[in-house]
Each structure stands twice: as C-alpha cells, then as structure tokens.
$ cat run-v6.pdb   # PDB, C-alpha atoms, pLDDT in the B column
MODEL        1
ATOM      1  CA  MET U 676     -35.741  75.746 -86.685  1.00 52.00           C
ATOM      2  CA  MET U 677     -36.138  72.228 -88.039  1.00 55.00           C
ATOM      3  CA  THR U 678     -38.298  71.185 -85.108  1.00 55.00           C
ATOM      4  CA  LYS U 679     -40.661  74.076 -85.646  1.00 57.00           C
ATOM      5  CA  PHE U 680     -41.655  72.819 -89.083  1.00 56.00           C
ATOM      6  CA  MET U 681     -41.558  69.169 -88.173  1.00 56.00           C
ATOM      7  CA  LEU U 682     -44.023  69.707 -85.353  1.00 56.00           C
ATOM      8  CA  ASP U 683     -46.413  72.415 -86.383  1.00 59.00           C
ATOM      9  CA  GLY U 684     -45.110  74.111 -89.488  1.00 64.00           C
ATOM     10  CA  ALA U 685     -46.783  74.325 -92.845  1.00 73.00           C
ATOM     11  CA  LEU U 686     -44.744  75.100 -95.906  1.00 78.00           C
ATOM     12  CA  ASN U 687     -45.997  75.800 -99.365  1.00 84.00           C
ATOM     13  CA  PRO U 688     -45.342  72.887-101.764  1.00 87.00           C
ATOM     14  CA  ASP U 689     -42.511  74.569-103.679  1.00 90.00           C
ATOM     15  CA  LEU U 690     -40.562  75.368-100.553  1.00 88.00           C
ATOM     16  CA  LEU U 691     -41.240  71.919 -99.171  1.00 86.00           C
ATOM     17  CA  GLU U 692     -39.817  70.345-102.316  1.00 89.00           C
ATOM     18  CA  LYS U 693     -36.770  72.599-102.126  1.00 90.00           C
ATOM     19  CA  LEU U 694     -36.167  71.578 -98.533  1.00 85.00           C
ATOM     20  CA  ASN U 695     -36.742  67.889 -99.279  1.00 87.00           C
ATOM     21  CA  SER U 696     -34.301  68.005-102.212  1.00 89.00           C
ATOM     22  CA  ALA U 697     -31.605  69.492 -99.991  1.00 88.00           C
ATOM     23  CA  GLY U 698     -32.281  66.846 -97.334  1.00 84.00           C
ATOM     24  CA  ARG U 699     -32.147  64.043 -99.896  1.00 87.00           C
ATOM     25  CA  VAL U 700     -28.694  65.162-101.027  1.00 87.00           C
ATOM     26  CA  VAL U 701     -27.278  64.604 -97.538  1.00 85.00           C
ATOM     27  CA  LEU U 702     -29.133  61.310 -97.067  1.00 85.00           C
ATOM     28  CA  ASP U 703     -27.832  60.049-100.405  1.00 87.00           C
ATOM     29  CA  TRP U 704     -24.336  61.139 -99.439  1.00 87.00           C
ATOM     30  CA  PHE U 705     -24.441  59.088 -96.246  1.00 84.00           C
ATOM     31  CA  GLU U 706     -26.008  56.140 -98.022  1.00 84.00           C
ATOM     32  CA  ASP U 707     -23.185  56.148-100.587  1.00 84.00           C
ATOM     33  CA  LEU U 708     -20.696  56.302 -97.748  1.00 83.00           C
ATOM     34  CA  PHE U 709     -22.211  53.287 -95.999  1.00 81.00           C
ATOM     35  CA  GLU U 710     -22.457  51.342 -99.241  1.00 81.00           C
ATOM     36  CA  GLY U 711     -18.816  52.121 -99.906  1.00 77.00           C
ATOM     37  CA  ARG U 712     -18.004  50.467 -96.585  1.00 73.00           C
ATOM     38  CA  GLY U 713     -19.802  47.258 -97.436  1.00 70.00           C
ATOM     39  CA  ALA U 714     -23.397  47.924 -96.385  1.00 65.00           C
ATOM     40  CA  SER U 715     -25.934  47.755 -99.160  1.00 65.00           C
ATOM     41  CA  GLY U 716     -29.663  47.917 -99.687  1.00 65.00           C
ATOM     42  CA  LYS U 717     -31.773  48.230 -96.573  1.00 66.00           C
ATOM     43  CA  PRO U 718     -28.940  48.273 -93.985  1.00 64.00           C
ATOM     44  CA  ALA U 719     -27.337  51.312 -95.627  1.00 65.00           C
ATOM     45  CA  SER U 720     -30.654  53.091 -95.859  1.00 67.00           C
ATOM     46  CA  SER U 721     -31.564  52.274 -92.253  1.00 67.00           C
ATOM     47  CA  ARG U 722     -28.232  53.505 -90.949  1.00 65.00           C
ATOM     48  CA  THR U 723     -28.598  56.708 -92.909  1.00 65.00           C
ATOM     49  CA  HIS U 724     -32.050  57.431 -91.544  1.00 64.00           C
ATOM     50  CA  PHE U 725     -30.906  56.585 -88.047  1.00 64.00           C
ATOM     51  CA  LEU U 726     -28.612  59.620 -88.178  1.00 63.00           C
ATOM     52  CA  PHE U 727     -31.559  61.902 -88.804  1.00 60.00           C
ATOM     53  CA  ARG U 728     -33.969  60.489 -86.269  1.00 52.00           C
TER      54      ARG U 728
ATOM     55  CA  MET E 249      -9.653  81.742-118.656  1.00 40.00           C
ATOM     56  CA  LEU E 250      -6.854  81.539-116.154  1.00 40.00           C
ATOM     57  CA  ALA E 251      -5.512  84.718-114.678  1.00 40.00           C
ATOM     58  CA  ASP E 252      -2.702  86.271-116.618  1.00 41.00           C
ATOM     59  CA  ARG E 253      -0.031  88.205-114.861  1.00 40.00           C
ATOM     60  CA  ALA E 254       2.061  90.991-116.179  1.00 41.00           C
ATOM     61  CA  PHE E 255       4.806  92.852-114.410  1.00 41.00           C
ATOM     62  CA  VAL E 256       5.645  96.431-115.213  1.00 41.00           C
ATOM     63  CA  SER E 257       9.178  97.318-114.242  1.00 42.00           C
ATOM     64  CA  LEU E 258      10.034 100.514-112.399  1.00 42.00           C
ATOM     65  CA  GLY E 259      12.033 101.692-115.391  1.00 47.00           C
ATOM     66  CA  PHE E 260       9.011 101.511-117.640  1.00 46.00           C
ATOM     67  CA  TRP E 261       6.867 103.213-115.012  1.00 45.00           C
ATOM     68  CA  HIS E 262       9.384 106.040-114.544  1.00 48.00           C
ATOM     69  CA  ARG E 263       9.546 106.651-118.287  1.00 51.00           C
ATOM     70  CA  ALA E 264       5.758 106.861-118.458  1.00 50.00           C
ATOM     71  CA  GLN E 265       5.714 109.261-115.519  1.00 54.00           C
ATOM     72  CA  TYR E 266       8.487 111.373-117.053  1.00 54.00           C
ATOM     73  CA  LEU E 267       6.650 111.716-120.362  1.00 56.00           C
ATOM     74  CA  SER E 268       3.481 112.596-118.521  1.00 57.00           C
ATOM     75  CA  ASP E 269       5.292 115.350-116.585  1.00 58.00           C
ATOM     76  CA  ILE E 270       6.909 116.706-119.736  1.00 55.00           C
ATOM     77  CA  GLN E 271       3.480 116.972-121.352  1.00 59.00           C
ATOM     78  CA  TRP E 272       2.119 118.781-118.333  1.00 55.00           C
ATOM     79  CA  MET E 273       5.030 121.272-118.259  1.00 56.00           C
ATOM     80  CA  ARG E 274       4.633 121.955-121.957  1.00 57.00           C
ATOM     81  CA  ARG E 275       0.936 122.663-121.522  1.00 58.00           C
ATOM     82  CA  ARG E 276       1.582 124.871-118.504  1.00 55.00           C
ATOM     83  CA  SER E 277       4.214 126.950-120.291  1.00 54.00           C
ATOM     84  CA  GLY E 278       2.068 127.466-123.345  1.00 51.00           C
ATOM     85  CA  PHE E 279       4.038 125.160-125.556  1.00 48.00           C
ATOM     86  CA  ALA E 280       3.087 125.735-129.170  1.00 45.00           C
ATOM     87  CA  ALA E 281       2.585 122.678-131.309  1.00 45.00           C
ATOM     88  CA  GLY E 282       1.394 122.551-134.835  1.00 45.00           C
ATOM     89  CA  GLY E 283       0.301 126.171-134.793  1.00 42.00           C
ATOM     90  CA  ARG E 284      -1.883 125.669-131.742  1.00 46.00           C
ATOM     91  CA  VAL E 285      -1.161 126.796-128.222  1.00 43.00           C
ATOM     92  CA  PHE E 286      -1.891 124.506-125.361  1.00 46.00           C
ATOM     93  CA  ALA E 287      -2.067 126.602-122.248  1.00 45.00           C
ATOM     94  CA  THR E 288      -4.250 125.122-119.613  1.00 47.00           C
ATOM     95  CA  ASP E 289      -3.934 124.206-115.980  1.00 48.00           C
ATOM     96  CA  SER E 290      -6.955 122.017-116.055  1.00 50.00           C
ATOM     97  CA  PHE E 291      -4.976 118.849-116.402  1.00 50.00           C
ATOM     98  CA  ARG E 292      -2.308 117.801-113.933  1.00 49.00           C
ATOM     99  CA  PRO E 293      -1.094 114.238-114.043  1.00 49.00           C
ATOM    100  CA  THR E 294      -1.383 112.462-110.738  1.00 50.00           C
ATOM    101  CA  ARG E 295       1.887 111.068-109.530  1.00 50.00           C
ATOM    102  CA  ILE E 296       1.540 107.754-107.804  1.00 51.00           C
ATOM    103  CA  TRP E 297       4.832 106.349-106.571  1.00 52.00           C
ATOM    104  CA  PRO E 298       4.949 102.618-106.481  1.00 50.00           C
ATOM    105  CA  SER E 299       6.522 101.418-103.241  1.00 51.00           C
ATOM    106  CA  THR E 300       8.074  98.482-104.988  1.00 52.00           C
ATOM    107  CA  ARG E 301       7.652  96.638-108.236  1.00 54.00           C
ATOM    108  CA  LEU E 302       4.285  97.447-109.704  1.00 57.00           C
ATOM    109  CA  LYS E 303       2.304  94.283-110.206  1.00 59.00           C
ATOM    110  CA  ILE E 304      -0.694  94.181-112.476  1.00 61.00           C
ATOM    111  CA  THR E 305      -2.935  91.169-112.164  1.00 60.00           C
ATOM    112  CA  MET E 306      -5.364  90.647-114.985  1.00 61.00           C
ATOM    113  CA  VAL E 307      -8.248  88.417-113.988  1.00 61.00           C
ATOM    114  CA  SER E 308     -10.892  87.169-116.313  1.00 65.00           C
ATOM    115  CA  PRO E 309     -13.467  89.926-116.002  1.00 64.00           C
ATOM    116  CA  GLY E 310     -16.598  87.865-116.626  1.00 77.00           C
ATOM    117  CA  THR E 311     -19.710  89.844-117.353  1.00 84.00           C
ATOM    118  CA  PHE E 312     -21.725  92.457-115.519  1.00 83.00           C
ATOM    119  CA  SER E 313     -24.410  89.864-115.170  1.00 85.00           C
ATOM    120  CA  ASP E 314     -21.968  87.553-113.300  1.00 86.00           C
ATOM    121  CA  LEU E 315     -20.975  90.424-111.045  1.00 88.00           C
ATOM    122  CA  LYS E 316     -24.592  91.229-110.253  1.00 88.00           C
ATOM    123  CA  ASP E 317     -25.297  87.589-109.467  1.00 89.00           C
ATOM    124  CA  ARG E 318     -22.333  87.417-107.093  1.00 91.00           C
ATOM    125  CA  GLU E 319     -23.363  90.632-105.354  1.00 91.00           C
ATOM    126  CA  ARG E 320     -26.921  89.407-104.990  1.00 92.00           C
ATOM    127  CA  LYS E 321     -25.711  86.109-103.548  1.00 92.00           C
ATOM    128  CA  ASN E 322     -23.440  87.909-101.076  1.00 94.00           C
ATOM    129  CA  ARG E 323     -26.277  90.147 -99.943  1.00 94.00           C
ATOM    130  CA  LYS E 324     -28.570  87.163 -99.510  1.00 94.00           C
ATOM    131  CA  ASN E 325     -25.913  85.425 -97.444  1.00 94.00           C
ATOM    132  CA  LEU E 326     -25.607  88.442 -95.154  1.00 95.00           C
ATOM    133  CA  MET E 327     -29.372  88.457 -94.669  1.00 95.00           C
ATOM    134  CA  ILE E 328     -29.394  84.727 -93.920  1.00 93.00           C
ATOM    135  CA  ASP E 329     -26.596  85.257 -91.383  1.00 93.00           C
ATOM    136  CA  ALA E 330     -28.729  87.898 -89.712  1.00 94.00           C
ATOM    137  CA  ALA E 331     -31.795  85.643 -89.837  1.00 91.00           C
ATOM    138  CA  GLU E 332     -29.902  82.833 -88.125  1.00 87.00           C
ATOM    139  CA  ARG E 333     -28.886  85.163 -85.314  1.00 89.00           C
ATOM    140  CA  VAL E 334     -32.454  86.394 -84.875  1.00 89.00           C
ATOM    141  CA  PHE E 335     -33.944  82.881 -85.010  1.00 82.00           C
ATOM    142  CA  ALA E 336     -31.432  81.883 -82.329  1.00 82.00           C
ATOM    143  CA  SER E 337     -32.512  84.683 -80.020  1.00 85.00           C
ATOM    144  CA  LYS E 338     -36.295  84.220 -79.979  1.00 83.00           C
ATOM    145  CA  PRO E 339     -39.039  81.722 -80.947  1.00 80.00           C
ATOM    146  CA  PHE E 340     -39.839  81.468 -84.649  1.00 76.00           C
ATOM    147  CA  ASP E 341     -43.366  82.835 -84.256  1.00 79.00           C
ATOM    148  CA  GLU E 342     -42.059  85.996 -82.640  1.00 86.00           C
ATOM    149  CA  VAL E 343     -39.566  86.756 -85.383  1.00 87.00           C
ATOM    150  CA  SER E 344     -40.579  89.299 -87.983  1.00 91.00           C
ATOM    151  CA  MET E 345     -38.956  90.336 -91.238  1.00 93.00           C
ATOM    152  CA  ARG E 346     -38.477  93.751 -89.638  1.00 93.00           C
ATOM    153  CA  ASP E 347     -36.321  92.161 -86.904  1.00 94.00           C
ATOM    154  CA  ILE E 348     -34.158  90.407 -89.482  1.00 94.00           C
ATOM    155  CA  ALA E 349     -33.802  93.548 -91.609  1.00 94.00           C
ATOM    156  CA  SER E 350     -32.801  95.499 -88.528  1.00 94.00           C
ATOM    157  CA  GLU E 351     -30.224  92.861 -87.568  1.00 94.00           C
ATOM    158  CA  ALA E 352     -28.811  92.922 -91.104  1.00 94.00           C
ATOM    159  CA  GLY E 353     -28.648  96.717 -91.073  1.00 94.00           C
ATOM    160  CA  ILE E 354     -30.923  97.172 -94.059  1.00 93.00           C
ATOM    161  CA  SER E 355     -34.346  98.648 -94.596  1.00 92.00           C
ATOM    162  CA  HIS E 356     -37.507  96.674 -94.125  1.00 89.00           C
ATOM    163  CA  ALA E 357     -38.370  97.078 -97.811  1.00 92.00           C
ATOM    164  CA  THR E 358     -34.975  95.861 -99.040  1.00 93.00           C
ATOM    165  CA  ILE E 359     -35.241  92.427 -97.506  1.00 94.00           C
ATOM    166  CA  TYR E 360     -38.472  91.770 -99.429  1.00 94.00           C
ATOM    167  CA  ARG E 361     -36.583  92.257-102.692  1.00 94.00           C
ATOM    168  CA  TYR E 362     -34.567  89.172-101.835  1.00 94.00           C
ATOM    169  CA  PHE E 363     -37.039  87.074 -99.855  1.00 94.00           C
ATOM    170  CA  PRO E 364     -40.750  87.427-100.539  1.00 92.00           C
ATOM    171  CA  ASP E 365     -41.693  86.094 -97.106  1.00 89.00           C
ATOM    172  CA  GLN E 366     -40.321  84.702 -93.888  1.00 87.00           C
ATOM    173  CA  GLN E 367     -40.818  81.078 -94.930  1.00 86.00           C
ATOM    174  CA  THR E 368     -38.643  81.520 -98.017  1.00 90.00           C
ATOM    175  CA  LEU E 369     -35.915  83.070 -95.923  1.00 90.00           C
ATOM    176  CA  PHE E 370     -36.207  80.256 -93.431  1.00 86.00           C
ATOM    177  CA  VAL E 371     -35.977  77.543 -96.081  1.00 88.00           C
ATOM    178  CA  ASP E 372     -33.052  79.252 -97.810  1.00 91.00           C
ATOM    179  CA  ALA E 373     -31.247  79.340 -94.466  1.00 89.00           C
ATOM    180  CA  LEU E 374     -31.831  75.607 -94.040  1.00 87.00           C
ATOM    181  CA  VAL E 375     -30.773  74.808 -97.589  1.00 90.00           C
ATOM    182  CA  ARG E 376     -27.600  76.828 -97.150  1.00 91.00           C
ATOM    183  CA  GLY E 377     -26.934  74.919 -93.925  1.00 88.00           C
ATOM    184  CA  VAL E 378     -27.360  71.605 -95.728  1.00 88.00           C
ATOM    185  CA  GLU E 379     -24.943  72.706 -98.475  1.00 90.00           C
ATOM    186  CA  GLN E 380     -22.396  73.701 -95.838  1.00 89.00           C
ATOM    187  CA  LEU E 381     -22.847  70.334 -94.150  1.00 88.00           C
ATOM    188  CA  ARG E 382     -22.243  68.453 -97.380  1.00 89.00           C
ATOM    189  CA  SER E 383     -19.068  70.439 -98.130  1.00 90.00           C
ATOM    190  CA  LEU E 384     -17.843  69.850 -94.591  1.00 89.00           C
ATOM    191  CA  LEU E 385     -18.474  66.117 -94.832  1.00 88.00           C
ATOM    192  CA  GLU E 386     -16.713  65.814 -98.172  1.00 88.00           C
ATOM    193  CA  GLU E 387     -13.685  67.718 -96.898  1.00 88.00           C
ATOM    194  CA  ALA E 388     -13.544  65.668 -93.711  1.00 87.00           C
ATOM    195  CA  VAL E 389     -13.730  62.341 -95.500  1.00 84.00           C
ATOM    196  CA  ALA E 390     -11.232  63.426 -98.146  1.00 84.00           C
ATOM    197  CA  GLY E 391      -8.765  64.161 -95.335  1.00 79.00           C
ATOM    198  CA  ASN E 392      -9.166  60.742 -93.710  1.00 77.00           C
ATOM    199  CA  ARG E 393      -9.928  57.886 -96.058  1.00 74.00           C
ATOM    200  CA  ASP E 394      -8.981  55.186 -93.537  1.00 76.00           C
ATOM    201  CA  ALA E 395     -12.044  55.672 -91.340  1.00 77.00           C
ATOM    202  CA  PRO E 396     -14.551  57.632 -93.426  1.00 80.00           C
ATOM    203  CA  VAL E 397     -17.644  56.677 -91.413  1.00 80.00           C
ATOM    204  CA  ASP E 398     -16.135  57.721 -88.092  1.00 83.00           C
ATOM    205  CA  THR E 399     -14.808  60.901 -89.627  1.00 85.00           C
ATOM    206  CA  ALA E 400     -18.153  61.736 -91.226  1.00 85.00           C
ATOM    207  CA  ALA E 401     -19.982  61.047 -87.961  1.00 83.00           C
ATOM    208  CA  ASP E 402     -17.612  63.328 -86.046  1.00 84.00           C
ATOM    209  CA  ALA E 403     -17.976  66.071 -88.653  1.00 86.00           C
ATOM    210  CA  PHE E 404     -21.764  65.677 -88.651  1.00 84.00           C
ATOM    211  CA  ILE E 405     -22.049  65.958 -84.871  1.00 83.00           C
ATOM    212  CA  GLY E 406     -19.608  68.873 -84.850  1.00 85.00           C
ATOM    213  CA  PHE E 407     -21.718  70.672 -87.444  1.00 85.00           C
ATOM    214  CA  LEU E 408     -24.956  70.093 -85.530  1.00 81.00           C
ATOM    215  CA  SER E 409     -23.352  71.404 -82.358  1.00 81.00           C
ATOM    216  CA  GLU E 410     -22.040  74.478 -84.095  1.00 79.00           C
ATOM    217  CA  LYS E 411     -25.249  75.140 -86.029  1.00 74.00           C
ATOM    218  CA  ILE E 412     -27.570  74.320 -83.207  1.00 64.00           C
ATOM    219  CA  THR E 413     -29.997  77.010 -84.332  1.00 59.00           C
ATOM    220  CA  ILE E 414     -30.670  75.243 -87.595  1.00 57.00           C
ATOM    221  CA  SER E 415     -30.635  71.709 -86.349  1.00 54.00           C
ATOM    222  CA  ARG E 416     -32.662  71.836 -83.184  1.00 53.00           C
TER     223      ARG E 416
ENDMDL
END

$ encode --input "run-v6.pdb" --output "structure tokens"
Amino acid sequence: MMTKFMLDGALNPDLLEKLNSAGRVVLDWFEDLFEGRGASGKPASSRTHFLFR
Amino acid sequence: MLADRAFVSLGFWHRAQYLSDIQWMRRRSGFAAGGRVFATDSFRPTRIWPSTRLKITMVSPGTFSDLKDRERKNRKNLMIDAAERVFASKPFDEVSMRDIASEAGISHATIYRYFPDQQTLFVDALVRGVEQLRSLLEEAVAGNRDAPVDTAADAFIGFLSEKITISR
C-alpha cells in the first residue's frame, strides 16, 4: 500500500498532510529514543530515517 | 467520573418482587382502593430470578453524542479492517469501494457515508496503522527499559511483518 503511493500515487494535499503528520509522529518517536540513548542532532535523525528507507 | 458500584441484596430484591406480586394479585382480584376498582389483566410483573447476588454497575453514561462518536469510530474500524483484507488480496488499482463494502457486509452506499472516496479510506487505514505502531512501540519499550532501542527495533520489524499489507 505504501509503495503504491510512493511510486505512482497522487494524493490530494489534505490527505497527503494527514499521512505526513502520522509519519512524522513515528519518526519523532524514534528520534527521541535515539537521543535518549546518547545520539543527538544529525546522527539521531540519520538513524531514524535509516529505519524507513 | 469513576464507576460507582452498588449491590442489591437478595433480601431487598425478594421484598420488591413480593410487593410487585401482591399488587398484581390485588389488581387481578378486583381489589377496591379509594372507591375505585382496579381489575385488569393487562399488567403482569415479570419475574426475573437472580441466580446469585444481583450486581448493579453504574457507569458514567456520557452523552448521546459520545455514544454516536464511538459507534461511528467502531464502524469505520470495521470498514478499514475489510479494506485491509481486500487490499491484501488484489492490486490497489483493481480494488473498488464496492469490493470493500461487500467484504465489510454493508451496502455500497453506506461506505460512502464514512469515506468519500477510496483514497480517504486508504489514508485512514495507513494512519490507523501508524497509531497502532506507535502504541506497540511505547508498550514494548515500557516493558524493557534496559535495551529500548533493541526492543523498539524488534517491535517495529514484528509490526511490519504482521502488517505486511500496509507496509509493503
């Protein structure tokens, strides 16, 4: 389902924002987790995004 | 407000039942009271025997609006469950709202009252999945504070494996 919209999907802006907001919540959660374990700044952010590659 | 609990003892219940029966017998036999005769068979108290101590639980009733919101949310969840099953069985482009309605056991028109189009349904399914993921992660980490990153990673991979329809 995710792949469909990543590759060739087109969402209307409101739905896109809704989806992005939900995604950001999980990314922020992981970033907080990494920062809590000593990583901060770019390393925490990079590790978080690595999970969703 | 927290739930209040009240217990009604069998003795109290029996007295209430007894008085109810007395009233019924008086009506049936044409018992005269205050110059008026009550003679009708239209009312017969229903006897419900409690198997054990009768427990009455009083829960904060909320409002009808709350109840409607909960019902609407439950219905939407059932439709999203059905949508996930349908999306898992065939490519996205071949899925129609009619397929999802059929899977959910509702009419084609009903589903449009909850989701105006397929994209909205799709996004709501994803958002619900993300909320479930976050709850799962929080629970997992709360249960193992010694190695939160490992625990979160395990929970994350487990979720993706289980919800492969959403994540792939």

$ resolve_selection --input "run-v6.pdb" --expression "the ChimeraX specification (/U :<12) & /E" --output "ChimeraX atom specification"
/E:331-341,343,365-386,389-390,393-402,404-405,408,411-416

$ atom_distance --input "run-v6.pdb" --atom1 "atom CA of Leu326 of chain E" --atom2 "atom CA of Ser344 of chain E"
16.6 Å

$ atom_distance --input "run-v6.pdb" --atom1 "atom CA of Ile348 of chain E" --atom2 "atom CA of Tyr360 of chain E"
10.9 Å

$ residues_around --input "run-v6.pdb" --residues "Lys321 of chain E" --least-positions-apart "5" --cutoff "12 Å" --atoms "all atoms listed in the file" --output "PyMOL selection string"
chain E and resi 314-316+326-328+362-363+372+376

$ atom_distance --input "run-v6.pdb" --atom1 "atom CA of Ala357 of chain E" --atom2 "atom CA of Ala330 of chain E"
15.6 Å

$ decode --input "run-v6.pdb" --residues "segment 683-701 of chain U" --atoms "C-alpha atoms" --output "mmCIF file, in the first residue's frame"
data_model
loop_
_atom_site.group_PDB
_atom_site.id
_atom_site.type_symbol
_atom_site.label_atom_id
_atom_site.label_comp_id
_atom_site.auth_asym_id
_atom_site.auth_seq_id
_atom_site.Cartn_x
_atom_site.Cartn_y
_atom_site.Cartn_z
ATOM 1 C CA ASP U 683 2.995 6.295 -8.746
ATOM 2 C CA GLY U 684 0.329 7.564 -6.401
ATOM 3 C CA ALA U 685 -1.106 11.033 -6.241
ATOM 4 C CA LEU U 686 -2.881 12.182 -3.133
ATOM 5 C CA ASN U 687 -4.797 15.362 -2.643
ATOM 6 C CA PRO U 688 -2.921 17.862 -0.429
ATOM 7 C CA ASP U 689 -5.116 17.402 2.649
ATOM 8 C CA LEU U 690 -4.705 13.656 2.668
ATOM 9 C CA LEU U 691 -1.004 13.994 1.991
ATOM 10 C CA GLU U 692 -0.629 16.270 5.002
ATOM 11 C CA LYS U 693 -2.602 13.840 7.148
ATOM 12 C CA LEU U 694 -0.352 10.988 6.089
ATOM 13 C CA ASN U 695 2.813 13.047 6.574
ATOM 14 C CA SER U 696 1.708 14.095 10.074
ATOM 15 C CA ALA U 697 1.170 10.469 11.059
ATOM 16 C CA GLY U 698 4.576 9.535 9.629
ATOM 17 C CA ARG U 699 6.280 12.397 11.458
ATOM 18 C CA VAL U 700 4.903 11.173 14.782
ATOM 19 C CA VAL U 701 6.700 7.839 14.395
#
